[in-house]
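Shown below: my_file34.txt, with compact mmCIF, C-alpha atoms.
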# COMPACT_ATOMS: atom_id res chain seq x y z
CA MET Y 292 -18.00 -0.64 -8.06
CA LYS Y 293 -19.54 2.66 -9.14
CA PRO Y 294 -16.86 4.96 -10.56
CA VAL Y 295 -16.45 8.18 -8.60
CA LEU Y 296 -13.75 9.51 -10.90
CA GLU Y 297 -13.19 8.60 -14.56
CA PHE Y 298 -10.43 9.72 -16.88
CA LEU Y 299 -11.37 8.88 -20.46
CA ASN Y 300 -8.61 9.15 -23.10
CA ILE Y 301 -7.15 12.29 -21.57
CA SER Y 302 -4.46 14.15 -23.54
CA ARG Y 303 -2.87 17.42 -22.60
CA SER Y 304 0.28 19.29 -23.51
CA TYR Y 305 2.01 22.33 -22.13
CA LYS Y 306 2.63 25.45 -24.09
CA ARG Y 307 5.28 24.94 -26.75
CA GLY Y 308 3.80 21.55 -27.51
CA VAL Y 309 5.45 19.46 -24.79
CA VAL Y 310 3.09 16.52 -24.31
CA VAL Y 311 2.28 15.79 -20.65
CA LEU Y 312 -0.53 13.26 -20.91
CA LYS Y 313 -1.20 10.95 -23.83
CA ASP Y 314 -4.49 9.11 -23.95
CA VAL Y 315 -4.72 8.38 -20.24
CA SER Y 316 -7.69 6.32 -19.10
CA PHE Y 317 -8.55 4.85 -15.73
CA SER Y 318 -11.26 5.15 -13.15
CA VAL Y 319 -11.50 5.17 -9.39
CA GLY Y 320 -14.41 3.31 -7.80
CA GLN Y 321 -16.47 4.21 -4.75
CA GLY Y 322 -14.40 3.70 -1.58
CA GLU Y 323 -11.27 2.84 -3.55
CA VAL Y 324 -7.81 4.14 -2.67
CA VAL Y 325 -5.63 4.64 -5.73
CA ALA Y 326 -1.99 5.72 -5.60
CA LEU Y 327 -0.80 7.75 -8.57
CA LEU Y 328 2.90 7.04 -9.11
CA GLY Y 329 5.50 8.26 -11.54
CA ARG Y 330 8.70 10.23 -11.80
CA ASN Y 331 8.69 13.97 -11.39
CA GLY Y 332 7.16 15.68 -14.40
CA THR Y 333 5.13 12.72 -15.64
CA GLY Y 334 1.80 14.51 -15.38
CA LYS Y 335 0.48 13.44 -11.96
CA THR Y 336 -0.29 16.97 -10.84
CA THR Y 337 -1.75 17.87 -14.24
CA LEU Y 338 -4.08 14.87 -13.99
CA ILE Y 339 -5.22 15.87 -10.51
CA ASN Y 340 -5.76 19.44 -11.71
CA ILE Y 341 -7.88 18.10 -14.56
CA ALA Y 342 -10.04 16.23 -12.03
CA LEU Y 343 -10.40 19.46 -10.06
CA GLY Y 344 -11.49 21.28 -13.20
CA LEU Y 345 -8.53 23.66 -12.96
CA VAL Y 346 -6.94 22.42 -16.18
CA LYS Y 347 -8.89 21.44 -19.27
CA PRO Y 348 -7.85 18.38 -21.24
CA GLU Y 349 -7.20 18.95 -24.95
CA ARG Y 350 -8.69 15.61 -25.79
CA GLY Y 351 -10.72 13.19 -23.75
CA GLU Y 352 -13.11 13.66 -20.92
CA VAL Y 353 -13.10 13.59 -17.14
CA ARG Y 354 -16.16 12.65 -15.13
CA VAL Y 355 -16.42 13.21 -11.39
CA PHE Y 356 -19.43 11.65 -9.65
CA GLY Y 357 -20.69 11.08 -13.18
CA MET Y 358 -20.58 14.81 -14.00
CA SER Y 359 -18.30 16.93 -16.15
CA PRO Y 360 -16.33 19.74 -14.45
CA LYS Y 361 -17.12 21.81 -17.56
CA THR Y 362 -20.80 22.02 -16.73
CA ASN Y 363 -21.03 21.11 -13.04
CA ALA Y 364 -17.94 22.66 -11.47
CA ALA Y 365 -19.68 23.92 -8.33
CA ALA Y 366 -21.54 20.68 -7.59
CA ILE Y 367 -18.30 18.73 -7.97
CA ARG Y 368 -16.13 21.03 -5.86
CA GLU Y 369 -18.66 20.75 -3.05
CA ARG Y 370 -17.88 17.04 -2.73
CA ILE Y 371 -14.11 17.06 -3.34
CA GLY Y 372 -11.40 17.56 -0.76
CA TYR Y 373 -7.99 18.63 -2.02
CA ALA Y 374 -4.62 18.95 -0.34
CA SER Y 375 -1.20 19.27 -1.89
CA GLU Y 376 2.46 19.48 -1.06
CA ASP Y 377 2.70 23.20 -1.56
CA GLY Y 378 -0.93 23.81 -0.63
CA ALA Y 379 -0.54 27.38 0.48
CA LEU Y 380 -2.83 27.99 3.42
CA ARG Y 381 -4.54 31.18 2.35
CA GLY Y 382 -7.49 32.92 3.91
CA GLY Y 383 -6.40 33.61 7.46
CA GLU Y 384 -3.58 34.34 9.85
CA THR Y 385 -4.64 31.82 12.47
CA VAL Y 386 -5.90 28.24 12.29
CA GLY Y 387 -9.38 29.44 13.36
CA GLU Y 388 -9.53 32.14 10.67
CA LEU Y 389 -8.37 29.74 8.01
CA ILE Y 390 -11.02 27.16 8.93
CA ALA Y 391 -13.71 29.88 9.00
CA PHE Y 392 -12.59 31.01 5.53
CA HIS Y 393 -12.72 27.47 4.14
CA ARG Y 394 -16.08 26.49 5.55
CA LYS Y 395 -17.76 29.44 3.84
CA PHE Y 396 -17.32 27.63 0.54
CA PHE Y 397 -19.32 24.60 1.62
CA ARG Y 398 -22.91 24.01 2.55
CA ARG Y 399 -22.14 21.35 5.12
CA TRP Y 400 -19.32 21.23 7.65
CA ASN Y 401 -18.48 18.47 10.11
CA ASP Y 402 -17.80 20.36 13.36
CA ALA Y 403 -17.22 17.16 15.30
CA LEU Y 404 -14.54 16.02 12.86
CA GLU Y 405 -12.93 19.46 12.87
CA ASN Y 406 -12.70 19.44 16.69
CA GLU Y 407 -11.44 15.90 16.79
CA LEU Y 408 -8.68 16.58 14.28
CA LEU Y 409 -7.62 19.78 16.04
CA ASN Y 410 -7.32 17.76 19.25
CA ARG Y 411 -5.45 14.94 17.62
CA PHE Y 412 -2.99 17.30 15.95
CA GLY Y 413 -2.59 19.28 19.16
CA LEU Y 414 -3.60 22.49 17.41
CA SER Y 415 -5.45 25.46 18.79
CA ARG Y 416 -7.62 27.80 16.72
CA ARG Y 417 -5.48 30.65 17.99
CA ASP Y 418 -2.25 29.18 16.57
CA ARG Y 419 -0.64 31.35 13.93
CA ILE Y 420 -0.25 29.52 10.62
CA ARG Y 421 3.20 30.95 9.96
CA ARG Y 422 4.49 29.66 13.29
CA LEU Y 423 3.37 26.07 12.65
CA SER Y 424 5.80 23.38 11.57
CA ASN Y 425 5.69 22.03 8.04
CA GLY Y 426 3.92 18.90 9.30
CA GLN Y 427 1.33 20.88 11.26
CA GLN Y 428 0.57 23.08 8.26
CA ARG Y 429 -0.06 19.94 6.22
CA GLN Y 430 -2.39 18.69 8.96
CA VAL Y 431 -4.38 21.93 8.82
CA GLY Y 432 -4.57 21.43 5.04
CA LEU Y 433 -5.93 17.91 5.53
CA LEU Y 434 -8.45 19.14 8.08
CA CYS Y 435 -9.76 21.75 5.62
CA ALA Y 436 -9.83 19.14 2.85
CA VAL Y 437 -11.97 16.60 4.71
CA SER Y 438 -14.23 18.52 7.08
CA HIS Y 439 -16.90 19.37 4.51
CA TYR Y 440 -17.90 15.70 4.21
CA ALA Y 441 -15.74 15.20 1.13
CA ASP Y 442 -16.70 12.08 -0.82
CA LEU Y 443 -13.51 12.18 -2.89
CA LEU Y 444 -10.09 13.21 -1.64
CA LEU Y 445 -7.46 14.32 -4.15
CA LEU Y 446 -4.11 14.45 -2.40
CA ASP Y 447 -1.16 15.66 -4.45
CA GLU Y 448 1.94 14.48 -2.57
CA PRO Y 449 0.29 15.40 0.70
CA ALA Y 450 3.14 14.19 2.89
CA ALA Y 451 6.14 15.21 0.77
CA GLY Y 452 8.90 16.77 2.82
CA LEU Y 453 7.55 15.59 6.15
CA ASP Y 454 9.70 13.68 8.61
CA PRO Y 455 8.85 9.97 9.07
CA ALA Y 456 6.91 10.55 12.29
CA ALA Y 457 4.83 13.35 10.76
CA ARG Y 458 4.18 11.19 7.69
CA ARG Y 459 3.03 8.35 9.89
CA GLU Y 460 0.66 10.66 11.78
CA PHE Y 461 -0.71 11.86 8.46
CA LEU Y 462 -1.24 8.24 7.37
CA GLU Y 463 -2.91 7.32 10.66
CA THR Y 464 -5.44 10.10 10.18
CA SER Y 465 -6.04 9.12 6.55
CA ILE Y 466 -6.63 5.50 7.55
CA GLN Y 467 -9.05 6.45 10.30
CA LEU Y 468 -10.95 8.57 7.79
CA LEU Y 469 -11.03 5.62 5.42
CA ASN Y 470 -12.40 3.38 8.15
CA ARG Y 471 -15.01 5.82 9.33
CA GLU Y 472 -16.14 7.76 6.31
CA GLY Y 473 -15.40 5.32 3.48
CA THR Y 474 -13.87 8.19 1.54
CA THR Y 475 -12.58 7.56 -1.99
CA ILE Y 476 -8.96 8.68 -2.35
CA LEU Y 477 -6.64 9.41 -5.27
CA PHE Y 478 -3.21 10.37 -3.98
CA SER Y 479 0.20 10.85 -5.49
CA SER Y 480 3.33 10.01 -3.56
CA HIS Y 481 6.98 9.10 -3.92
CA HIS Y 482 7.04 7.21 -0.62
CA MET Y 483 6.50 3.61 -1.61
CA THR Y 484 6.06 2.36 1.95
CA ASP Y 485 3.25 4.89 2.45
CA VAL Y 486 1.74 3.72 -0.81
CA GLU Y 487 1.83 0.13 0.42
CA ARG Y 488 0.19 1.07 3.70
CA LEU Y 489 -2.60 3.18 2.23
CA GLY Y 490 -3.01 2.12 -1.35
CA GLY Y 491 -5.36 -0.47 -2.72
CA ARG Y 492 -4.30 0.01 -6.31
CA ILE Y 493 -1.45 1.71 -8.13
CA VAL Y 494 -1.55 3.62 -11.38
CA LEU Y 495 1.98 4.25 -12.64
CA LEU Y 496 2.39 7.08 -15.15
CA ASP Y 497 5.41 7.10 -17.42
CA GLN Y 498 6.01 9.66 -20.13
CA GLY Y 499 2.39 10.66 -20.06
CA THR Y 500 0.88 7.19 -20.38
CA VAL Y 501 -0.33 4.58 -17.91
CA ARG Y 502 2.49 2.05 -17.59
CA LEU Y 503 0.91 -0.15 -14.92
CA ASP Y 504 -2.57 -0.17 -13.38
CA ARG Y 505 -3.05 -2.94 -10.87
CA ASP Y 506 -4.19 -3.92 -7.38
CA LEU Y 507 -1.26 -3.62 -5.05
CA ASP Y 508 -1.91 -7.05 -3.57
CA ARG Y 509 -1.57 -8.60 -7.00
CA VAL Y 510 1.55 -6.73 -8.09
CA ARG Y 511 3.96 -8.95 -6.16
CA GLY Y 512 2.38 -12.21 -7.21
CA GLU Y 513 2.01 -11.26 -10.84
CA VAL Y 514 5.03 -9.17 -11.78
CA CYS Y 515 8.67 -10.07 -11.21
CA VAL Y 516 12.12 -8.93 -12.24
CA ALA Y 517 14.53 -11.23 -14.06
CA ILE Y 518 18.23 -10.46 -14.14
CA VAL Y 519 20.12 -11.90 -17.11
CA PRO Y 520 23.82 -11.33 -17.84
CA ARG Y 521 24.09 -9.34 -21.09
CA ALA Y 522 26.82 -11.69 -22.22
CA LEU Y 523 24.14 -14.37 -22.62
CA ALA Y 524 21.86 -12.19 -24.76
CA PRO Y 525 23.63 -9.40 -26.64
CA ASN Y 526 20.31 -8.03 -27.86
CA GLY Y 527 17.63 -7.20 -25.28
CA ASP Y 528 14.89 -7.39 -27.91
CA VAL Y 529 14.66 -11.12 -27.37
CA PHE Y 530 13.00 -10.37 -24.01
CA GLN Y 531 11.02 -7.38 -25.27
CA HIS Y 532 8.95 -9.75 -27.39
CA ALA Y 533 8.36 -12.28 -24.60
CA ALA Y 534 4.74 -12.50 -23.49
CA GLY Y 535 3.95 -10.15 -20.58
CA CYS Y 536 7.20 -8.21 -20.85
CA LEU Y 537 6.75 -4.74 -19.36
CA ARG Y 538 10.28 -3.43 -19.72
CA VAL Y 539 13.83 -4.41 -20.57
CA ARG Y 540 16.49 -2.20 -19.08
CA ALA Y 541 20.25 -2.30 -19.36
CA ALA Y 542 21.87 -2.18 -15.93
CA GLN Y 543 25.62 -2.42 -16.28
CA GLN Y 544 26.48 -6.05 -17.12
CA ASP Y 545 22.90 -7.28 -16.89
CA TRP Y 546 19.51 -6.97 -18.47
CA HIS Y 547 16.74 -6.30 -15.99
CA VAL Y 548 13.50 -7.64 -17.41
CA VAL Y 549 10.22 -6.65 -15.74
CA ILE Y 550 7.73 -9.28 -16.76
CA GLU Y 551 4.37 -10.69 -15.75
CA GLY Y 552 4.33 -14.08 -14.07
CA ALA Y 553 5.56 -15.91 -10.98
CA PRO Y 554 9.38 -16.09 -10.63
CA ASP Y 555 9.68 -19.83 -11.30
CA ASP Y 556 7.55 -19.70 -14.47
CA VAL Y 557 9.32 -16.62 -15.74
CA ARG Y 558 12.73 -18.16 -15.17
CA ALA Y 559 11.73 -21.25 -17.15
CA ARG Y 560 10.26 -19.16 -19.98
CA LEU Y 561 13.28 -16.88 -20.33
CA ALA Y 562 15.72 -19.76 -19.99
CA GLY Y 563 13.94 -21.35 -22.94
CA LEU Y 564 14.38 -18.17 -24.98
CA ILE Y 565 18.13 -17.89 -24.51
CA ARG Y 566 18.84 -21.57 -23.85
CA ASN Y 567 20.63 -20.82 -20.66
CA GLU Y 568 19.65 -21.27 -17.02
CA ARG Y 569 21.72 -18.45 -15.58
CA ILE Y 570 18.75 -16.21 -14.83
CA HIS Y 571 17.92 -14.78 -11.45
CA CYS Y 572 14.24 -14.09 -10.99
CA ALA Y 573 12.39 -12.62 -8.02
CA ALA Y 574 9.32 -10.77 -6.89
CA VAL Y 575 10.50 -7.35 -5.71
CA PRO Y 576 9.22 -4.66 -3.35
CA LEU Y 577 7.28 -1.78 -4.87
CA GLU Y 578 10.20 0.64 -4.65
CA GLU Y 579 12.39 -1.68 -6.73
CA LEU Y 580 9.60 -2.28 -9.20
CA PHE Y 581 9.17 1.47 -9.63
CA VAL Y 582 12.88 1.90 -10.40
CA GLU Y 583 12.89 -1.06 -12.79
CA LEU Y 584 9.87 0.22 -14.68
CA VAL Y 585 10.70 3.91 -14.98
CA GLY Y 586 14.36 4.24 -13.98
CA SER Y 587 16.95 5.18 -16.56
CA GLU Y 588 19.33 2.74 -18.24
CA ARG Y 589 22.80 2.19 -16.89
CA GLN Y 590 24.89 1.04 -19.80
CA GLU Y 591 28.40 1.74 -18.60
CA ASP Y 592 30.30 1.97 -15.39
CA LEU Y 593 31.36 5.44 -14.36
CA MET A 51 -15.20 -6.57 25.43
CA ASP A 52 -13.78 -6.08 28.95
CA SER A 53 -10.36 -4.57 29.48
CA ASP A 54 -8.78 -7.88 30.48
CA MET A 55 -9.78 -9.35 27.15
CA GLN A 56 -8.28 -6.41 25.32
CA ILE A 57 -4.85 -6.99 26.86
CA TYR A 58 -5.13 -10.69 26.16
CA ILE A 59 -5.72 -10.06 22.48
CA THR A 60 -2.79 -7.71 22.17
CA ILE A 61 -0.57 -10.31 23.77
CA SER A 62 -1.70 -13.17 21.57
CA MET A 63 -1.95 -11.16 18.35
CA GLN A 64 1.33 -9.44 17.87
CA ILE A 65 1.66 -8.66 14.23
CA PHE A 66 4.50 -6.72 12.73
CA ILE A 67 4.43 -5.61 9.17
CA ASN A 68 7.19 -4.39 6.93
CA PRO A 69 5.84 -2.50 3.92
CA GLY A 70 9.16 -2.62 2.07
CA ALA A 71 9.49 -6.40 2.30
CA GLU A 72 9.20 -8.78 -0.61
CA LEU A 73 6.00 -10.29 0.77
CA SER A 74 2.92 -8.10 0.35
CA ILE A 75 1.35 -6.76 3.53
CA TYR A 76 -1.75 -8.95 3.41
CA ARG A 77 0.43 -12.05 3.02
CA GLN A 78 2.59 -10.95 5.95
CA ILE A 79 -0.57 -10.74 8.06
CA MET A 80 -1.82 -14.13 6.86
CA ARG A 81 1.49 -15.81 7.57
CA GLN A 82 1.74 -14.39 11.09
CA ILE A 83 -1.82 -15.32 12.00
CA VAL A 84 -1.31 -18.88 10.74
CA GLU A 85 1.95 -19.10 12.71
CA SER A 86 0.22 -17.83 15.86
CA ILE A 87 -2.52 -20.43 15.39
CA ALA A 88 0.03 -23.19 14.77
CA SER A 89 2.08 -22.31 17.84
CA GLY A 90 -1.02 -22.16 20.01
CA GLN A 91 -0.53 -18.48 20.81
CA LEU A 92 -3.83 -17.85 19.11
CA PRO A 93 -6.07 -20.62 20.50
CA ARG A 94 -9.05 -22.11 18.69
CA GLY A 95 -12.19 -20.09 19.20
CA GLU A 96 -10.18 -16.94 19.92
CA LYS A 97 -11.65 -13.68 18.71
CA LEU A 98 -9.56 -11.68 16.24
CA PRO A 99 -9.49 -7.89 16.13
CA SER A 100 -11.96 -6.29 13.70
CA HIS A 101 -10.81 -5.02 10.31
CA ARG A 102 -10.96 -1.51 11.58
CA GLU A 103 -9.08 -2.23 14.82
CA LEU A 104 -6.25 -4.04 13.09
CA SER A 105 -6.06 -1.53 10.24
CA GLU A 106 -5.66 1.33 12.69
CA ARG A 107 -3.21 -0.57 14.85
CA LEU A 108 -0.96 -1.48 11.94
CA VAL A 109 -1.63 1.79 10.03
CA ILE A 110 -2.68 0.04 6.86
CA ALA A 111 -5.75 0.27 4.66
CA PRO A 112 -8.79 -1.59 6.05
CA LEU A 113 -9.21 -3.39 2.71
CA THR A 114 -5.76 -4.98 3.18
CA VAL A 115 -6.89 -6.49 6.49
CA LYS A 116 -10.12 -7.61 4.87
CA LYS A 117 -8.20 -9.32 2.10
CA ALA A 118 -6.00 -11.21 4.61
CA TYR A 119 -9.05 -12.28 6.66
CA ASP A 120 -11.01 -13.28 3.54
CA GLU A 121 -8.21 -15.53 2.33
CA LEU A 122 -7.68 -17.07 5.78
CA GLU A 123 -11.41 -17.72 5.93
CA ALA A 124 -11.37 -19.36 2.50
CA LEU A 125 -8.49 -21.56 3.69
CA GLY A 126 -10.50 -22.56 6.76
CA TYR A 127 -8.39 -21.02 9.52
CA ILE A 128 -10.83 -18.38 10.71
CA GLU A 129 -14.56 -17.77 10.46
CA THR A 130 -16.76 -14.70 10.58
CA GLN A 131 -19.87 -14.94 12.71
CA ARG A 132 -22.31 -12.30 11.63
CA GLY A 133 -22.66 -9.56 14.21
CA ARG A 134 -20.13 -11.17 16.57
CA GLY A 135 -16.80 -10.88 14.84
CA THR A 136 -14.08 -13.10 13.45
CA PHE A 137 -12.79 -16.16 15.31
CA VAL A 138 -10.15 -18.84 14.96
CA CYS A 139 -11.95 -21.98 13.73
CA GLN A 140 -12.57 -24.76 16.25
CA SER A 141 -11.33 -27.34 13.78
CA LEU A 142 -8.46 -26.32 11.59
CA PRO A 143 -8.01 -27.31 7.96
CA LYS A 144 -6.13 -30.52 7.24
CA VAL A 145 -2.94 -29.75 5.38
CA ASP A 146 -1.87 -31.79 2.37
CA ARG A 147 0.79 -33.92 4.02
CA SER A 148 3.10 -34.41 1.06
CA GLU A 149 2.90 -30.76 0.02
CA HIS A 150 3.61 -29.77 3.62
CA LEU A 151 6.58 -32.14 3.84
CA ASP A 152 7.98 -30.53 0.68
CA LYS A 153 7.82 -27.13 2.35
CA ILE A 154 9.48 -28.48 5.50
CA GLU A 155 12.27 -30.05 3.46
CA ARG A 156 12.93 -26.74 1.71
CA ALA A 157 12.95 -24.93 5.05
CA ALA A 158 15.28 -27.60 6.49
CA ARG A 159 17.76 -27.03 3.67
CA GLN A 160 17.74 -23.30 4.36
CA LEU A 161 18.21 -23.94 8.07
CA LEU A 162 21.10 -26.34 7.46
CA SER A 163 22.88 -23.96 5.09
CA LEU A 164 22.55 -21.23 7.69
CA ALA A 165 24.03 -23.54 10.32
CA TYR A 166 26.92 -24.66 8.07
CA LEU A 167 27.74 -21.03 7.28
CA GLY A 168 28.08 -20.31 10.99
CA ASP A 169 30.03 -23.52 11.68
CA ILE A 170 27.20 -24.79 13.84
CA HIS A 171 27.22 -28.55 14.29
CA PHE A 172 24.25 -30.75 13.65
CA SER A 173 24.02 -31.67 17.32
CA ASP A 174 23.88 -27.97 18.30
CA LEU A 175 21.18 -27.42 15.70
CA MET A 176 19.17 -30.29 17.19
CA LYS A 177 19.50 -28.72 20.62
CA ILE A 178 18.24 -25.39 19.27
CA LEU A 179 15.24 -27.16 17.73
CA LYS A 180 14.46 -28.96 21.00
CA ASP A 181 14.75 -25.78 23.06
CA GLN A 182 12.52 -23.87 20.67
CA ASP A 183 9.99 -26.68 20.75
CA SER A 184 9.72 -26.68 24.53
CA GLU A 185 9.58 -22.89 24.59
CA MET A 186 6.67 -22.88 22.13
CA MET A 187 4.87 -25.58 24.14
CA GLN A 188 5.27 -23.58 27.33
CA GLU A 189 3.94 -20.43 25.66
CA ALA A 190 0.96 -22.34 24.33
CA SER A 191 0.11 -23.80 27.73
CA ARG A 192 0.42 -20.36 29.34
CA VAL A 193 -2.07 -19.00 26.82
CA LYS A 194 -4.39 -21.95 27.53
CA GLU A 195 -4.24 -21.43 31.31
CA LYS A 196 -5.07 -17.80 30.89
CA ALA A 197 -8.09 -18.64 28.75

Will you turn the file into structure tokens for me?
Amino acid sequence: MKPVLEFLNISRSYKRGVVVLKDVSFSVGQGEVVALLGRNGTGKTTLINIALGLVKPERGEVRVFGMSPKTNAAAIRERIGYASEDGALRGGETVGELIAFHRKFFRRWNDALENELLNRFGLSRRDRIRRLSNGQQRQVGLLCAVSHYADLLLLDEPAAGLDPAARREFLETSIQLLNREGTTILFSSHHMTDVERLGGRIVLLDQGTVRLDRDLDRVRGEVCVAIVPRALAPNGDVFQHAAGCLRVRAAQQDWHVVIEGAPDDVRARLAGLIRNERIHCAAVPLEELFVELVGSERQEDL
Amino acid sequence: MDSDMQIYITISMQIFINPGAELSIYRQIMRQIVESIASGQLPRGEKLPSHRELSERLVIAPLTVKKAYDELEALGYIETQRGRGTFVCQSLPKVDRSEHLDKIERAARQLLSLAYLGDIHFSDLMKILKDQDSEMMQEASRVKEKA
């Protein structure tokens, strides 16, 4: 798969030296859909802004369609569509004015797609932006992001704050675009069910580094969570050193161990380590995995 | 495809997915298609919806549908005929009998524990099994008649 977007050893810190991204590397192939996950403040937006050329990395390099935003900003922007949670819709009072403003920036514009999306969303060009619902404003943002034949969509929490029905409509449109245009997508989201519907692969950022980068279909078969009473293993380090261990987390009376392998194999391996069979092991849904990998420790009861 | 056929497919291919479940979406699709084939609701030779159709109906990525179809094809349940679409195979794969019996035994234990929990007697459980069996047979023959 030809990479459309490549992050190569990207590091970046805020002013005052707070490190946001530390040596982040991954790439997104042609036609791939990658979900960028992580807690708030882990650098997802910074990474997307680096791909857009809005933020420069301190170290490392980003390549979009094989080019660097440093030297080919215009050529790259022409082929990228971008929408975000707080994507302020500037450039017009009405939907029609806003679209007219946006299309001026691009050489090509897909009128048929624009009309189709307006119809689907039940929007008129005369509608005033300020009068639209939150969900409708996001739909206008998506329309502007895709109608210039974007080859790569960067969506920064595009459906945050929308009600479930509006989120589903947003997903339906994204999936139809995927089917028809074969668009490559990098999107960030906190809605794990949306991620499972749309995503092909997840990249989980934690404290500025890539914690997990894997095909979604393989996550469940290859990673599981083992729950071991802390009474059986006073020191969690015994699991930390087990092969394939991704995290050990104290959760009240138990250790939660996120580890690579199928549940039965993992149970046998860990039981061997502590010479005790009282281990519960299961493949878990993505939401649980997210919490187990990046959630905080819970040492004591309240 | 005429409109009659369209309705027929929606009836025989009812797939529900639950993105938050423990089983990944492509496995949920695989399991339901195999169950529909086993129960006769999805007869041999039946055409399946295209990747695109099913992806839009279930609101999931087209690659997820492709993955489910690819694995079912590798297992010998369905086949893709170039330019025509994907169909349920005329002859289905032979299952490994002893492996399959193991699975059934495990399922039987689960079923029995469920029954014991609800104070349901063995004879009642047998009746439920019989009723379900005849219901599935009837459904299958209805599908056959329609075809």

Problem set entry | Close residues, segment 123-133 of chain A itself excluded, 12 Å, all atoms listed in the file, min 2 positions apart in chain, as a PyMOL selection string | chain A and resi 80-81+83-88+92-101+116-121+135-145

Can you build me a table of chain Y residues sitting at most 10 Å from chain A, with the closest atom pair per residue and its distance in Å to one decimal, using all atoms listed in the file, sorted by chain and residue number, as a Markdown table?
| residue | atom | partner | partner_atom | distance |
| --- | --- | --- | --- | --- |
| Y:Gly322 | CA | A:Leu113 | CA | 9.8 |
| Y:Glu323 | CA | A:Leu113 | CA | 9.1 |
| Y:Val324 | CA | A:Ala111 | CA | 8.5 |
| Y:Arg459 | CA | A:Val109 | CA | 8.0 |
| Y:Glu460 | CA | A:Val109 | CA | 9.3 |
| Y:Leu462 | CA | A:Val109 | CA | 7.0 |
| Y:Glu463 | CA | A:Val109 | CA | 5.7 |
| Y:Thr464 | CA | A:Glu106 | CA | 9.1 |
| Y:Ser465 | CA | A:Ala111 | CA | 9.1 |
| Y:Ile466 | CA | A:Ala111 | CA | 6.0 |
| Y:Gln467 | CA | A:Glu106 | CA | 6.6 |
| Y:Leu469 | CA | A:Ala111 | CA | 7.6 |
| Y:Asn470 | CA | A:Arg102 | CA | 6.1 |
| Y:Arg471 | CA | A:Arg102 | CA | 8.7 |
| Y:Gly473 | CA | A:Pro112 | CA | 9.9 |
| Y:Met483 | CA | A:Gly70 | CA | 7.7 |
| Y:Thr484 | CA | A:Pro69 | CA | 5.2 |
| Y:Asp485 | CA | A:Pro69 | CA | 8.0 |
| Y:Val486 | CA | A:Pro69 | CA | 8.8 |
| Y:Glu487 | CA | A:Pro69 | CA | 5.9 |
| Y:Arg488 | CA | A:Ile110 | CA | 4.4 |
| Y:Leu489 | CA | A:Ala111 | CA | 4.9 |
| Y:Gly490 | CA | A:Ala111 | CA | 6.9 |
| Y:Gly491 | CA | A:Leu113 | CA | 7.3 |
| Y:Leu507 | CA | A:Ser74 | CA | 8.2 |
| Y:Asp508 | CA | A:Ser74 | CA | 6.3 |
| Y:Arg509 | CA | A:Ser74 | CA | 8.6 |
| Y:Val510 | CA | A:Ser74 | CA | 8.7 |
| Y:Arg511 | CA | A:Ser74 | CA | 6.6 |
| Y:Gly512 | CA | A:Ser74 | CA | 8.6 |
| Y:Ala573 | CA | A:Glu72 | CA | 8.9 |
| Y:Ala574 | CA | A:Glu72 | CA | 6.6 |
| Y:Val575 | CA | A:Glu72 | CA | 5.5 |
| Y:Pro576 | CA | A:Glu72 | CA | 4.9 |
| Y:Leu577 | CA | A:Gly70 | CA | 7.2 |
| Y:Glu578 | CA | A:Gly70 | CA | 7.5 |
| Y:Glu579 | CA | A:Gly70 | CA | 9.4 |

Show me the residues close to (-12.8, 4.8, -1.8) - anything with an atom within 9 Å, counting all atoms listed in the file - and format the list as an mmCIF file with C-alpha atoms, keeping the file's coordinate frame.
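As written to disk, selection33.cif reads:
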data_model
loop_
_atom_site.group_PDB
_atom_site.id
_atom_site.type_symbol
_atom_site.label_atom_id
_atom_site.label_comp_id
_atom_site.auth_asym_id
_atom_site.auth_seq_id
_atom_site.Cartn_x
_atom_site.Cartn_y
_atom_site.Cartn_z
ATOM 1 C CA VAL Y 295 -16.450 8.180 -8.600
ATOM 2 C CA VAL Y 319 -11.500 5.170 -9.390
ATOM 3 C CA GLY Y 320 -14.410 3.310 -7.800
ATOM 4 C CA GLN Y 321 -16.470 4.210 -4.750
ATOM 5 C CA GLY Y 322 -14.400 3.700 -1.580
ATOM 6 C CA GLU Y 323 -11.270 2.840 -3.550
ATOM 7 C CA VAL Y 324 -7.810 4.140 -2.670
ATOM 8 C CA VAL Y 325 -5.630 4.640 -5.730
ATOM 9 C CA ASP Y 442 -16.700 12.080 -0.820
ATOM 10 C CA LEU Y 443 -13.510 12.180 -2.890
ATOM 11 C CA LEU Y 444 -10.090 13.210 -1.640
ATOM 12 C CA LEU Y 469 -11.030 5.620 5.420
ATOM 13 C CA GLY Y 473 -15.400 5.320 3.480
ATOM 14 C CA THR Y 474 -13.870 8.190 1.540
ATOM 15 C CA THR Y 475 -12.580 7.560 -1.990
ATOM 16 C CA ILE Y 476 -8.960 8.680 -2.350
ATOM 17 C CA LEU Y 477 -6.640 9.410 -5.270
#

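Rounded to one decimal, atom CA of Val437 of chain Y and atom CA of Leu495 of chain Y lie 25.5 Å from each other.
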
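Every protein or nucleic acid residue with an atom no more than 9 Å from Gly527 of chain Y, counting only C-alpha atoms and leaving out same-chain residues fewer than 4 positions away, appears here: Arg521, Gln531, Val539, Arg540, Ala541, Trp546 and Val548 of chain Y.
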